[in-house]
Structures are given as C-alpha cells and as structure tokens.
file protein05.txt (compact mmCIF, C-alpha atoms)
# COMPACT_ATOMS: atom_id res chain seq x y z
CA MET W 1 0.00 0.00 0.00
CA PRO W 2 1.52 3.34 -1.01
CA ARG W 3 1.49 6.17 1.50
CA PHE W 4 -0.26 8.61 -0.84
CA SER W 5 -2.66 8.40 -3.77
CA ILE W 6 -2.53 11.61 -5.78
CA ILE W 7 -5.70 11.98 -7.85
CA MET W 8 -5.52 14.24 -10.90
CA PRO W 9 -8.64 14.69 -13.08
CA THR W 10 -7.97 15.99 -16.61
CA TYR W 11 -10.17 17.65 -19.21
CA ASN W 12 -8.77 19.70 -22.12
CA VAL W 13 -5.59 20.66 -20.26
CA ALA W 14 -2.88 19.65 -22.72
CA ASP W 15 -0.97 22.88 -22.06
CA TYR W 16 -0.92 22.37 -18.27
CA VAL W 17 -1.06 18.70 -17.33
CA GLY W 18 2.58 17.98 -18.11
CA ASN W 19 3.79 20.46 -15.50
CA SER W 20 1.35 19.03 -12.96
CA ILE W 21 2.63 15.51 -13.52
CA ILE W 22 6.27 16.63 -13.37
CA SER W 23 5.64 18.37 -10.03
CA VAL W 24 4.54 14.99 -8.65
CA GLN W 25 7.23 12.87 -10.24
CA GLU W 26 9.97 15.21 -8.97
CA GLN W 27 8.97 14.60 -5.33
CA THR W 28 11.82 13.29 -3.19
CA PHE W 29 9.32 11.11 -1.30
CA LYS W 30 8.51 8.26 -3.69
CA ASP W 31 5.97 6.18 -1.79
CA TYR W 32 2.96 7.34 -3.81
CA GLU W 33 0.81 6.47 -6.80
CA LEU W 34 -0.33 9.07 -9.32
CA ILE W 35 -3.83 8.42 -10.63
CA VAL W 36 -4.73 10.47 -13.69
CA VAL W 37 -8.44 10.37 -14.58
CA GLU W 38 -8.99 11.45 -18.19
CA ASP W 39 -12.56 12.77 -18.28
CA CYS W 40 -13.35 12.54 -22.02
CA SER W 41 -11.40 15.56 -23.23
CA THR W 42 -12.64 17.04 -26.51
CA ASP W 43 -9.26 18.29 -27.81
CA ASN W 44 -8.62 15.55 -30.38
CA GLY W 45 -6.48 13.51 -28.04
CA LYS W 46 -4.04 16.28 -27.11
CA THR W 47 -4.52 15.91 -23.35
CA LEU W 48 -4.44 12.10 -23.49
CA ASN W 49 -1.33 12.05 -25.67
CA THR W 50 0.46 14.40 -23.28
CA ILE W 51 -0.40 12.13 -20.33
CA LYS W 52 0.85 9.04 -22.19
CA LYS W 53 4.31 10.59 -22.56
CA PHE W 54 4.87 9.93 -18.85
CA ASN W 55 5.66 6.63 -17.17
CA SER W 56 4.57 5.32 -13.76
CA ILE W 57 1.02 6.66 -13.98
CA LYS W 58 -2.20 4.83 -13.21
CA LEU W 59 -4.43 6.07 -16.04
CA VAL W 60 -8.23 5.90 -15.78
CA GLN W 61 -10.20 6.84 -18.90
CA ASN W 62 -13.84 7.70 -18.26
CA LYS W 63 -16.26 6.48 -20.90
CA ILE W 64 -18.53 9.48 -20.30
CA ASN W 65 -17.73 12.93 -18.98
CA LYS W 66 -18.47 13.09 -15.24
CA GLY W 67 -17.10 16.50 -14.35
CA LEU W 68 -14.41 17.25 -11.80
CA GLY W 69 -16.30 15.65 -8.92
CA GLY W 70 -17.15 12.50 -10.85
CA ALA W 71 -13.57 12.15 -12.08
CA ARG W 72 -12.28 12.45 -8.52
CA ASN W 73 -14.74 9.75 -7.44
CA GLU W 74 -13.33 7.41 -10.08
CA GLY W 75 -9.85 8.11 -8.74
CA ILE W 76 -10.92 7.33 -5.19
CA LYS W 77 -12.42 4.01 -6.33
CA VAL W 78 -9.11 2.73 -7.72
CA ALA W 79 -6.84 4.37 -5.13
CA GLN W 80 -4.72 2.13 -2.93
CA GLY W 81 -2.88 4.74 -0.88
CA GLU W 82 -3.25 5.31 2.82
CA TYR W 83 -3.90 9.00 2.19
CA ILE W 84 -5.47 10.83 -0.73
CA ILE W 85 -4.34 14.17 -2.13
CA PHE W 86 -6.22 15.89 -4.95
CA LEU W 87 -4.21 17.84 -7.51
CA ASP W 88 -6.02 19.64 -10.32
CA SER W 89 -4.32 19.21 -13.67
CA ASP W 90 -3.62 22.91 -14.15
CA ASP W 91 -2.01 23.22 -10.70
CA ILE W 92 1.33 22.01 -9.35
CA LEU W 93 2.85 20.90 -6.07
CA TYR W 94 4.79 23.79 -4.56
CA ASN W 95 8.20 22.10 -4.40
CA ASN W 96 9.77 18.64 -4.38
CA GLN W 97 9.49 18.30 -0.59
CA VAL W 98 5.70 18.52 -0.32
CA LEU W 99 4.99 14.81 0.13
CA ALA W 100 7.96 14.34 2.44
CA ASN W 101 6.79 17.18 4.66
CA ILE W 102 3.19 15.91 4.81
CA ASN W 103 4.43 12.42 5.59
CA ASN W 104 6.51 13.77 8.48
CA ILE W 105 3.43 15.48 9.94
CA ILE W 106 1.31 12.33 9.77
CA ALA W 107 4.11 10.10 11.11
CA ASN W 108 2.73 6.85 12.57
CA ARG W 109 -0.69 8.21 13.49
CA LYS W 110 -4.05 7.84 11.76
CA ILE W 111 -5.10 11.39 10.94
CA ASP W 112 -8.42 11.85 9.14
CA ILE W 113 -7.57 15.23 7.59
CA VAL W 114 -4.41 17.25 7.14
CA TYR W 115 -5.05 20.92 6.31
CA MET W 116 -2.50 22.27 3.84
CA GLY W 117 -1.39 25.71 2.68
CA PHE W 118 -1.70 26.97 -0.88
CA LYS W 119 -0.81 29.84 -3.16
CA PHE W 120 -2.87 31.42 -5.94
CA VAL W 121 -1.13 32.54 -9.13
CA GLY W 122 -2.58 33.94 -12.34
CA ASN W 123 -5.19 36.65 -12.00
CA ARG W 124 -4.63 36.99 -8.25
CA ASP W 125 -1.70 36.73 -5.86
CA LEU W 126 -2.71 35.23 -2.54
CA THR W 127 -1.22 32.77 -0.06
CA ILE W 128 -3.24 30.89 2.58
CA ILE W 129 -1.38 29.16 5.41
CA PRO W 130 -3.41 27.06 7.87
CA ASN W 131 -3.06 27.80 11.58
CA GLU W 132 -4.79 26.99 14.85
CA ASP W 133 -7.45 29.66 14.35
CA ASN W 134 -8.45 28.98 10.75
CA CYS W 135 -8.42 25.21 11.25
CA LYS W 136 -10.91 25.08 14.09
CA LYS W 137 -13.96 23.05 13.13
CA GLU W 138 -16.36 25.95 13.64
CA TYR W 139 -14.32 28.18 11.34
CA LYS W 140 -13.81 25.54 8.66
CA LEU W 141 -17.49 24.66 8.48
CA GLY W 142 -19.11 28.03 8.92
CA LYS W 143 -16.73 30.77 7.78
CA ASP W 144 -13.90 29.43 5.62
CA LYS W 145 -14.08 30.86 2.08
CA TYR W 146 -11.73 28.22 0.69
CA THR W 147 -13.81 25.05 0.76
CA ASN W 148 -11.58 23.27 -1.74
CA ALA W 149 -10.79 19.57 -1.54
CA TRP W 150 -7.25 19.90 -2.88
CA SER W 151 -6.00 21.72 0.24
CA LYS W 152 -6.96 18.72 2.37
CA CYS W 153 -5.07 15.45 2.61
CA LEU W 154 -7.60 12.79 3.66
CA ARG W 155 -7.20 9.28 4.99
CA ARG W 156 -8.65 6.96 2.36
CA GLU W 157 -10.33 4.58 4.80
CA PHE W 158 -11.99 7.56 6.49
CA ILE W 159 -13.53 8.55 3.13
CA LEU W 160 -14.72 5.03 2.36
CA GLU W 161 -15.99 4.21 5.85
CA ASN W 162 -18.15 7.33 5.84
CA ASP W 163 -19.24 7.01 2.20
CA ILE W 164 -18.06 10.53 1.33
CA TRP W 165 -18.28 11.27 -2.41
CA PHE W 166 -18.35 14.27 -4.70
CA PRO W 167 -21.48 15.37 -6.59
CA THR W 168 -21.02 14.78 -10.32
CA ASN W 169 -21.39 17.01 -13.39
CA VAL W 170 -21.64 20.24 -11.39
CA ILE W 171 -19.26 22.96 -10.29
CA TYR W 172 -18.94 23.79 -6.59
CA GLU W 173 -18.63 20.04 -6.02
CA ASP W 174 -16.08 20.62 -3.25
CA VAL W 175 -18.50 22.37 -0.89
CA PRO W 176 -20.67 19.42 0.28
CA PHE W 177 -17.75 16.97 0.10
CA VAL W 178 -15.53 19.12 2.30
CA PHE W 179 -18.32 20.02 4.72
CA ARG W 180 -19.21 16.40 5.37
CA ALA W 181 -15.59 15.31 5.69
CA ILE W 182 -14.75 18.01 8.22
CA SER W 183 -17.94 17.38 10.19
CA LEU W 184 -17.23 13.66 10.54
CA ALA W 185 -13.45 13.82 11.04
CA LYS W 186 -12.24 12.69 14.46
CA SER W 187 -8.73 14.07 14.06
CA TYR W 188 -6.82 16.61 12.05
CA GLU W 189 -3.34 18.03 11.70
CA ILE W 190 -2.01 21.28 10.30
CA ALA W 191 0.60 21.49 7.54
CA SER W 192 1.57 25.12 8.02
CA PHE W 193 3.32 25.45 4.67
CA ILE W 194 2.41 25.77 0.99
CA THR W 195 1.69 22.49 -0.76
CA HIS W 196 -0.31 23.55 -3.86
CA VAL W 197 0.09 26.31 -6.40
CA TYR W 198 -3.37 27.03 -7.81
CA THR W 199 -3.77 28.56 -11.28
CA SER W 200 -6.50 31.18 -10.98
CA GLY W 201 -8.41 32.63 -13.93
CA ARG W 202 -7.48 30.02 -16.54
CA PRO W 203 -9.81 30.25 -19.57
CA ASN W 204 -12.33 27.36 -19.73
CA SER W 205 -11.68 26.34 -16.14
CA ASN W 206 -14.58 25.35 -13.88
CA ALA W 207 -14.28 28.68 -12.11
CA SER W 208 -14.80 30.57 -15.37
CA LYS W 209 -17.97 28.77 -16.51
CA ASN W 210 -20.76 30.99 -17.78
CA GLN W 211 -22.97 32.75 -15.30
CA PHE W 212 -26.06 30.69 -16.15
CA LYS W 213 -24.32 27.45 -15.17
CA GLN W 214 -22.89 29.06 -12.06
CA GLY W 215 -26.41 30.02 -10.99
CA ARG W 216 -27.89 26.60 -11.71
CA ASP W 217 -25.07 24.78 -9.98
CA THR W 218 -25.33 27.04 -6.94
CA VAL W 219 -28.93 25.86 -6.55
CA THR W 220 -27.67 22.27 -6.82
CA CYS W 221 -24.98 23.02 -4.24
CA ILE W 222 -27.65 24.28 -1.83
CA GLU W 223 -29.64 21.11 -2.45
CA ASN W 224 -26.59 18.91 -1.87
CA LEU W 225 -25.81 20.73 1.37
CA SER W 226 -29.44 20.37 2.51
CA ASN W 227 -29.19 16.62 1.91
CA LEU W 228 -26.40 16.42 4.50
CA VAL W 229 -28.76 17.06 7.43
CA ASP W 230 -28.78 13.42 8.53
CA LYS W 231 -25.25 12.63 7.28
CA ILE W 232 -23.16 14.89 9.50
CA ASP W 233 -22.52 15.35 13.20
CA PRO W 234 -25.83 16.67 14.61
CA LYS W 235 -23.84 19.28 16.53
CA ASP W 236 -22.93 20.90 13.21
CA ILE W 237 -26.47 21.64 11.96
CA ASP W 238 -26.22 25.34 12.78
CA LEU W 239 -22.95 25.53 10.87
CA LEU W 240 -24.61 23.77 7.96
CA LYS W 241 -27.30 26.44 8.00
CA MET W 242 -24.55 29.08 7.86
CA ARG W 243 -23.00 27.42 4.82
CA ILE W 244 -26.36 27.18 3.08
CA ALA W 245 -27.03 30.86 3.82
CA GLU W 246 -23.66 31.72 2.29
CA GLN W 247 -24.55 29.85 -0.89
CA LYS W 248 -27.91 31.61 -0.99
CA GLU W 249 -26.12 34.98 -0.93
CA ARG W 250 -23.80 33.79 -3.70
CA LEU W 251 -26.81 32.70 -5.75
CA ILE W 252 -28.23 36.23 -5.61
CA VAL W 253 -24.90 37.65 -6.78
CA ARG W 254 -24.71 35.17 -9.63
CA ILE W 255 -28.28 35.87 -10.73
CA ASP W 256 -27.43 39.56 -10.84
CA ARG W 257 -24.43 38.75 -13.02
CA VAL W 258 -26.64 36.74 -15.37
CA LEU W 259 -28.96 39.71 -15.74
CA ASP W 260 -26.00 42.02 -16.33
CA ASP W 261 -24.72 39.71 -19.06
CA MET W 262 -28.13 39.69 -20.72
CA PHE W 263 -29.03 43.36 -20.62
CA ILE W 264 -25.85 45.40 -20.19
CA SER W 265 -23.48 45.61 -23.10
call {"tool": "encode", "arguments": {"input": "protein05.txt", "output": "structure tokens"}}
result
Amino acid sequence: MPRFSIIMPTYNVADYVGNSIISVQEQTFKDYELIVVEDCSTDNGKTLNTIKKFNSIKLVQNKINKGLGGARNEGIKVAQGEYIIFLDSDDILYNNQVLANINNIIANRKIDIVYMGFKFVGNRDLTIIPNEDNCKKEYKLGKDKYTNAWSKCLRREFILENDIWFPTNVIYEDVPFVFRAISLAKSYEIASFITHVYTSGRPNSNASKNQFKQGRDTVTCIENLSNLVDKIDPKDIDLLKMRIAEQKERLIVRIDRVLDDMFIS
C-alpha cells in the first residue's frame, strides 16, 4: 500500500497537465501512486497524448464525462494509498518536498484530515497558510471561504468508511464533500506550509464557466448541502445552515451577473 494516492482529473488541459505531472514525479518522497483520470477531453487527443508521454502513472479513462467531482470519485475508487491528495491538472505541487513534509506530519498516526497551505497565481496573488485559528472546526465549516478539496489530505479509509463522495457534473462540487468530511473527522493536523500552487483565472476552467451554469449549480450546491442534514454530526447543523445561507447569498450575486450579461453591453 503506497502512503499517498494523488488523484488528478484531466479535461482539455494539454498545455498544463505535463507540468502538474512533473511536479509529482519530482517529489523526493517516492511512496505514492499518481492516478490520472482522463474525463473525455474534446481536444482531439491532445490531453491524453500528453499524459501518455509519462511513465509510472495509473491512467483511468472515463467512458462518459463526469465533471471534476465525478472524475475524482473514479480516482478514489481505484486508489490504494493510505492518504489521498487531490491535484487539479492545471495546478502544481509547490516544491519537491511537499509529500515528504506531509508524511513527516502524519508520522505513525491515523489522521483523518491534514489541512494544507496553498498559493494562488494567475489573475490573483494570494497565499493561505493554515493555523490553529483557521483550522478550528467551527471556522472551517461556517466561515472558511476556501472550501476546496485539494487543500486537504484525507485518509482513504476515512472517506470510504463514511461514504463521502463528490457530486457529479456540477461545479462547486467541493462544498458538500468538504463540509461532510470536516464534520465527521475525528482528528486533524495542520501542515503550516504551501503544498499547492493554484492557477487562478485560466480560460475554460470550472471557475470561469458561464454565469447561467454558475447560478444553476449554486442551486444544486444548496440542495446537496441540505441533503447532509442526517449525514453529519448533529452538533454541526447550525454551521450547515450558515454554509447554506452563504450559498444563498452567492446565488443572488450570480443571478445579478446573469442579468448584467443579458441586458448590459
């Protein structure tokens, strides 16, 4: 059993995925498997051909497009590692010591979640480092703006035992996944250093989908969060309400943007 399973979904990222793979394969800590889930790219095989240039990859080819969440689910299903790390295919690991440093933090314990630092590059310059205050359960569930799965290293058996999966074919898939995982986690650790470099503002990324889809998928996100009522720690219901209220506010903003796109030139 490898220590880490790194799950990398790909879709039309021929210009980026090579750097992502290299950032994994250059790690000094080698006890990992890299699972690349090709989610039916529509770029005439460019992404797939780029992936196939690399050795030592476990390649999963979806027969139908399942979106980022669905692709991650497929990666989880075939993963063998003790811990799972998600790495989007247009992002990279910060340096070649990332896995070694995370491994040192986990040591011989069973930690459900390790919170990791990250850096945005592209259309914004921002660094988030986890600490005792922003890793408290109440903050993570109710106030944290960065509800992304890729800044969490999760114990694979914890995911499977609690039947925690991503919604498929929608954006904002991280929100219910992360909420449920944090609510049910019995232990966590803090990796107070940068592990991921996130490419912000890439054309055709999930974050840049049109406003109509953002609005529709925000409604789905609210529905998915509402469905967690009997699947989380009952003590966290008020925090769940806070997260739903946040998504409701975001829905209003996104509807306004839709109207602006329609009527303001």
call {"tool": "residues_around", "arguments": {"input": "protein05.txt", "residues": "Glu82 (chain W)", "least_positions_apart": "2", "cutoff": "10 Å", "atoms": "all atoms listed in the file", "output": "number ranges by chain"}}
result
W: 1-5, 32, 79-80, 84, 110, 154-158
call {"tool": "atom_distance", "arguments": {"input": "protein05.txt", "atom1": "CA of Ala14 (chain W)", "atom2": "CA of Thr199 (chain W)"}}
result
14.5 Å
call {"tool": "atom_distance", "arguments": {"input": "protein05.txt", "atom1": "CA of Ile92 (chain W)", "atom2": "CA of Val197 (chain W)"}}
result
5.4 Å
call {"tool": "atom_distance", "arguments": {"input": "protein05.txt", "atom1": "CA of Thr195 (chain W)", "atom2": "CA of Glu26 (chain W)"}}
result
13.7 Å
call {"tool": "closest_residue", "arguments": {"input": "protein05.txt", "among": "W:Asn19, W:Thr218, W:Thr147, W:Asn73", "to": "Leu160 (chain W)", "atoms": "only C-alpha atoms"}}
result
W:Asn73
call {"tool": "residues_around", "arguments": {"input": "protein05.txt", "residues": "region 125-141 of chain W", "least_positions_apart": "5", "cutoff": "8 Å", "atoms": "only C-alpha atoms", "output": "ChimeraX atom specification"}}
result
/W:115-120,147,179,182-183,190-194,239-240,243
call {"tool": "closest_residue", "arguments": {"input": "protein05.txt", "among": "W:Lys46, W:Lys235, W:Arg216, W:Arg124", "to": "Tyr11 (chain W)", "atoms": "all atoms listed in the file"}}
result
W:Lys46
call {"tool": "closest_residue", "arguments": {"input": "protein05.txt", "among": "W:Leu48, W:Ser23, W:Lys63, W:Asp88", "to": "Pro9 (chain W)", "atoms": "all atoms listed in the file"}}
result
W:Asp88
call {"tool": "closest_residue", "arguments": {"input": "protein05.txt", "among": "W:Leu251, W:Phe166, W:Val114, W:Tyr188", "to": "Glu74 (chain W)", "atoms": "all atoms listed in the file"}}
result
W:Phe166
call {"tool": "residues_around", "arguments": {"input": "protein05.txt", "residues": "Arg72 (chain W)", "least_positions_apart": "6", "cutoff": "10 Å", "atoms": "only C-alpha atoms", "output": "number ranges by chain"}}
result
W: 7-10, 35-37, 39, 66, 86-88, 165-168
call {"tool": "write_last_selection", "arguments": {"input": "protein05.txt", "atoms": "C-alpha atoms", "output": "compact mmCIF listing (two decimals), in the coordinates of the input"}}
result
# COMPACT_ATOMS: atom_id res chain seq x y z
CA ILE W 7 -5.70 11.98 -7.85
CA MET W 8 -5.52 14.24 -10.90
CA PRO W 9 -8.64 14.69 -13.08
CA THR W 10 -7.97 15.99 -16.61
CA ILE W 35 -3.83 8.42 -10.63
CA VAL W 36 -4.73 10.47 -13.69
CA VAL W 37 -8.44 10.37 -14.58
CA ASP W 39 -12.56 12.77 -18.28
CA LYS W 66 -18.47 13.09 -15.24
CA PHE W 86 -6.22 15.89 -4.95
CA LEU W 87 -4.21 17.84 -7.51
CA ASP W 88 -6.02 19.64 -10.32
CA TRP W 165 -18.28 11.27 -2.41
CA PHE W 166 -18.35 14.27 -4.70
CA PRO W 167 -21.48 15.37 -6.59
CA THR W 168 -21.02 14.78 -10.32
call {"tool": "axis_aligned_box", "arguments": {"input": "protein05.txt", "around": "region 30-49 of chain W", "padding_each_side": "6 Å", "output": "AutoDock Vina command-line options"}}
result
--center_x -2.4 --center_y 12.2 --center_z -16.1 --size_x 33.9 --size_y 24.1 --size_z 40.6
call {"tool": "residues_around", "arguments": {"input": "protein05.txt", "residues": "Val178 (chain W)", "least_positions_apart": "3", "cutoff": "8 Å", "atoms": "all atoms listed in the file", "output": "number ranges by chain"}}
result
W: 147-149, 174-175, 181-182
call {"tool": "closest_residue", "arguments": {"input": "protein05.txt", "among": "W:Ala107, W:Met242, W:Ile252, W:Ile164", "to": "Phe177 (chain W)", "atoms": "only C-alpha atoms"}}
result
W:Ile164
call {"tool": "residues_near_point", "arguments": {"input": "protein05.txt", "point": "(-26.6, 37.3, -8.4)", "cutoff": "12 Å", "atoms": "all atoms listed in the file", "output": "list in words"}}
result
Gln211, Phe212, Gln214, Gly215, Arg216, Thr218, Val219, Gln247, Lys248, Glu249, Arg250, Leu251, Ile252, Val253, Arg254, Ile255, Asp256, Arg257, Val258, Leu259, Asp260 and Asp261 of chain W
call {"tool": "write_last_selection", "arguments": {"input": "protein05.txt", "atoms": "C-alpha atoms", "output": "CSV table (one decimal), keeping the file's coordinate frame"}}
result
chain,number,residue,atom,x,y,z
W,211,GLN,CA,-23.0,32.8,-15.3
W,212,PHE,CA,-26.1,30.7,-16.2
W,214,GLN,CA,-22.9,29.1,-12.1
W,215,GLY,CA,-26.4,30.0,-11.0
W,216,ARG,CA,-27.9,26.6,-11.7
W,218,THR,CA,-25.3,27.0,-6.9
W,219,VAL,CA,-28.9,25.9,-6.6
W,247,GLN,CA,-24.6,29.8,-0.9
W,248,LYS,CA,-27.9,31.6,-1.0
W,249,GLU,CA,-26.1,35.0,-0.9
W,250,ARG,CA,-23.8,33.8,-3.7
W,251,LEU,CA,-26.8,32.7,-5.8
W,252,ILE,CA,-28.2,36.2,-5.6
W,253,VAL,CA,-24.9,37.6,-6.8
W,254,ARG,CA,-24.7,35.2,-9.6
W,255,ILE,CA,-28.3,35.9,-10.7
W,256,ASP,CA,-27.4,39.6,-10.8
W,257,ARG,CA,-24.4,38.8,-13.0
W,258,VAL,CA,-26.6,36.7,-15.4
W,259,LEU,CA,-29.0,39.7,-15.7
W,260,ASP,CA,-26.0,42.0,-16.3
W,261,ASP,CA,-24.7,39.7,-19.1
call {"tool": "closest_residue", "arguments": {"input": "protein05.txt", "among": "W:Asn224, W:Val170, W:Asp236, W:Ser20", "to": "Asn65 (chain W)", "atoms": "all atoms listed in the file"}}
result
W:Val170
call {"tool": "decode", "arguments": {"input": "protein05.txt", "residues": "region 68-79 of chain W", "atoms": "all heavy atoms", "output": "short mmCIF file (atom, residue, chain, number, x, y, z; two decimals), in the first residue's frame"}}
result
data_model
loop_
_atom_site.label_atom_id
_atom_site.label_comp_id
_atom_site.auth_asym_id
_atom_site.auth_seq_id
_atom_site.Cartn_x
_atom_site.Cartn_y
_atom_site.Cartn_z
N LEU W 68 -15.52 17.34 -12.74
CA LEU W 68 -14.41 17.25 -11.80
C LEU W 68 -14.73 16.34 -10.62
O LEU W 68 -13.92 15.49 -10.23
CB LEU W 68 -14.05 18.65 -11.31
CG LEU W 68 -12.84 18.78 -10.40
CD1 LEU W 68 -11.59 18.24 -11.06
CD2 LEU W 68 -12.64 20.25 -10.01
N GLY W 69 -15.93 16.48 -10.06
CA GLY W 69 -16.30 15.65 -8.92
C GLY W 69 -16.39 14.18 -9.29
O GLY W 69 -15.87 13.31 -8.57
N GLY W 70 -17.03 13.88 -10.42
CA GLY W 70 -17.15 12.50 -10.85
C GLY W 70 -15.81 11.87 -11.16
O GLY W 70 -15.57 10.69 -10.88
N ALA W 71 -14.91 12.66 -11.77
CA ALA W 71 -13.57 12.15 -12.08
C ALA W 71 -12.80 11.85 -10.79
O ALA W 71 -12.10 10.84 -10.68
CB ALA W 71 -12.81 13.16 -12.93
N ARG W 72 -12.94 12.72 -9.81
CA ARG W 72 -12.28 12.45 -8.52
C ARG W 72 -12.83 11.18 -7.88
O ARG W 72 -12.08 10.39 -7.29
CB ARG W 72 -12.46 13.63 -7.58
CG ARG W 72 -11.62 14.85 -7.92
CD ARG W 72 -12.00 16.01 -7.05
NE ARG W 72 -11.16 17.18 -7.25
CZ ARG W 72 -11.47 18.40 -6.82
NH1 ARG W 72 -12.62 18.60 -6.19
NH2 ARG W 72 -10.66 19.42 -7.03
N ASN W 73 -14.14 10.98 -7.98
CA ASN W 73 -14.74 9.75 -7.44
C ASN W 73 -14.12 8.51 -8.07
O ASN W 73 -13.84 7.52 -7.38
CB ASN W 73 -16.24 9.74 -7.67
CG ASN W 73 -16.99 10.74 -6.80
OD1 ASN W 73 -16.47 11.22 -5.79
ND2 ASN W 73 -18.21 11.06 -7.19
N GLU W 74 -13.93 8.56 -9.39
CA GLU W 74 -13.33 7.41 -10.08
C GLU W 74 -11.91 7.18 -9.58
O GLU W 74 -11.47 6.03 -9.45
CB GLU W 74 -13.34 7.63 -11.59
CG GLU W 74 -14.74 7.69 -12.20
CD GLU W 74 -15.57 6.47 -11.87
OE1 GLU W 74 -15.06 5.34 -12.06
OE2 GLU W 74 -16.72 6.63 -11.42
N GLY W 75 -11.19 8.26 -9.30
CA GLY W 75 -9.85 8.11 -8.74
C GLY W 75 -9.86 7.48 -7.36
O GLY W 75 -9.03 6.63 -7.05
N ILE W 76 -10.81 7.91 -6.53
CA ILE W 76 -10.92 7.33 -5.19
C ILE W 76 -11.20 5.83 -5.27
O ILE W 76 -10.65 5.04 -4.49
CB ILE W 76 -12.04 8.04 -4.39
CG1 ILE W 76 -11.67 9.50 -4.12
CG2 ILE W 76 -12.31 7.32 -3.06
CD1 ILE W 76 -12.80 10.33 -3.54
N LYS W 77 -12.03 5.42 -6.21
CA LYS W 77 -12.42 4.01 -6.33
C LYS W 77 -11.22 3.10 -6.61
O LYS W 77 -11.20 1.95 -6.16
CB LYS W 77 -13.46 3.85 -7.44
CG LYS W 77 -14.82 4.44 -7.10
CD LYS W 77 -15.77 4.33 -8.29
CE LYS W 77 -17.09 5.03 -8.02
NZ LYS W 77 -17.99 4.99 -9.22
N VAL W 78 -10.25 3.58 -7.37
CA VAL W 78 -9.11 2.73 -7.72
C VAL W 78 -7.89 3.00 -6.83
O VAL W 78 -6.89 2.28 -6.91
CB VAL W 78 -8.71 2.91 -9.20
CG1 VAL W 78 -9.89 2.58 -10.11
CG2 VAL W 78 -8.19 4.31 -9.48
N ALA W 79 -7.98 4.00 -5.97
CA ALA W 79 -6.84 4.37 -5.13
C ALA W 79 -6.50 3.27 -4.14
O ALA W 79 -7.38 2.60 -3.60
CB ALA W 79 -7.13 5.68 -4.39
#
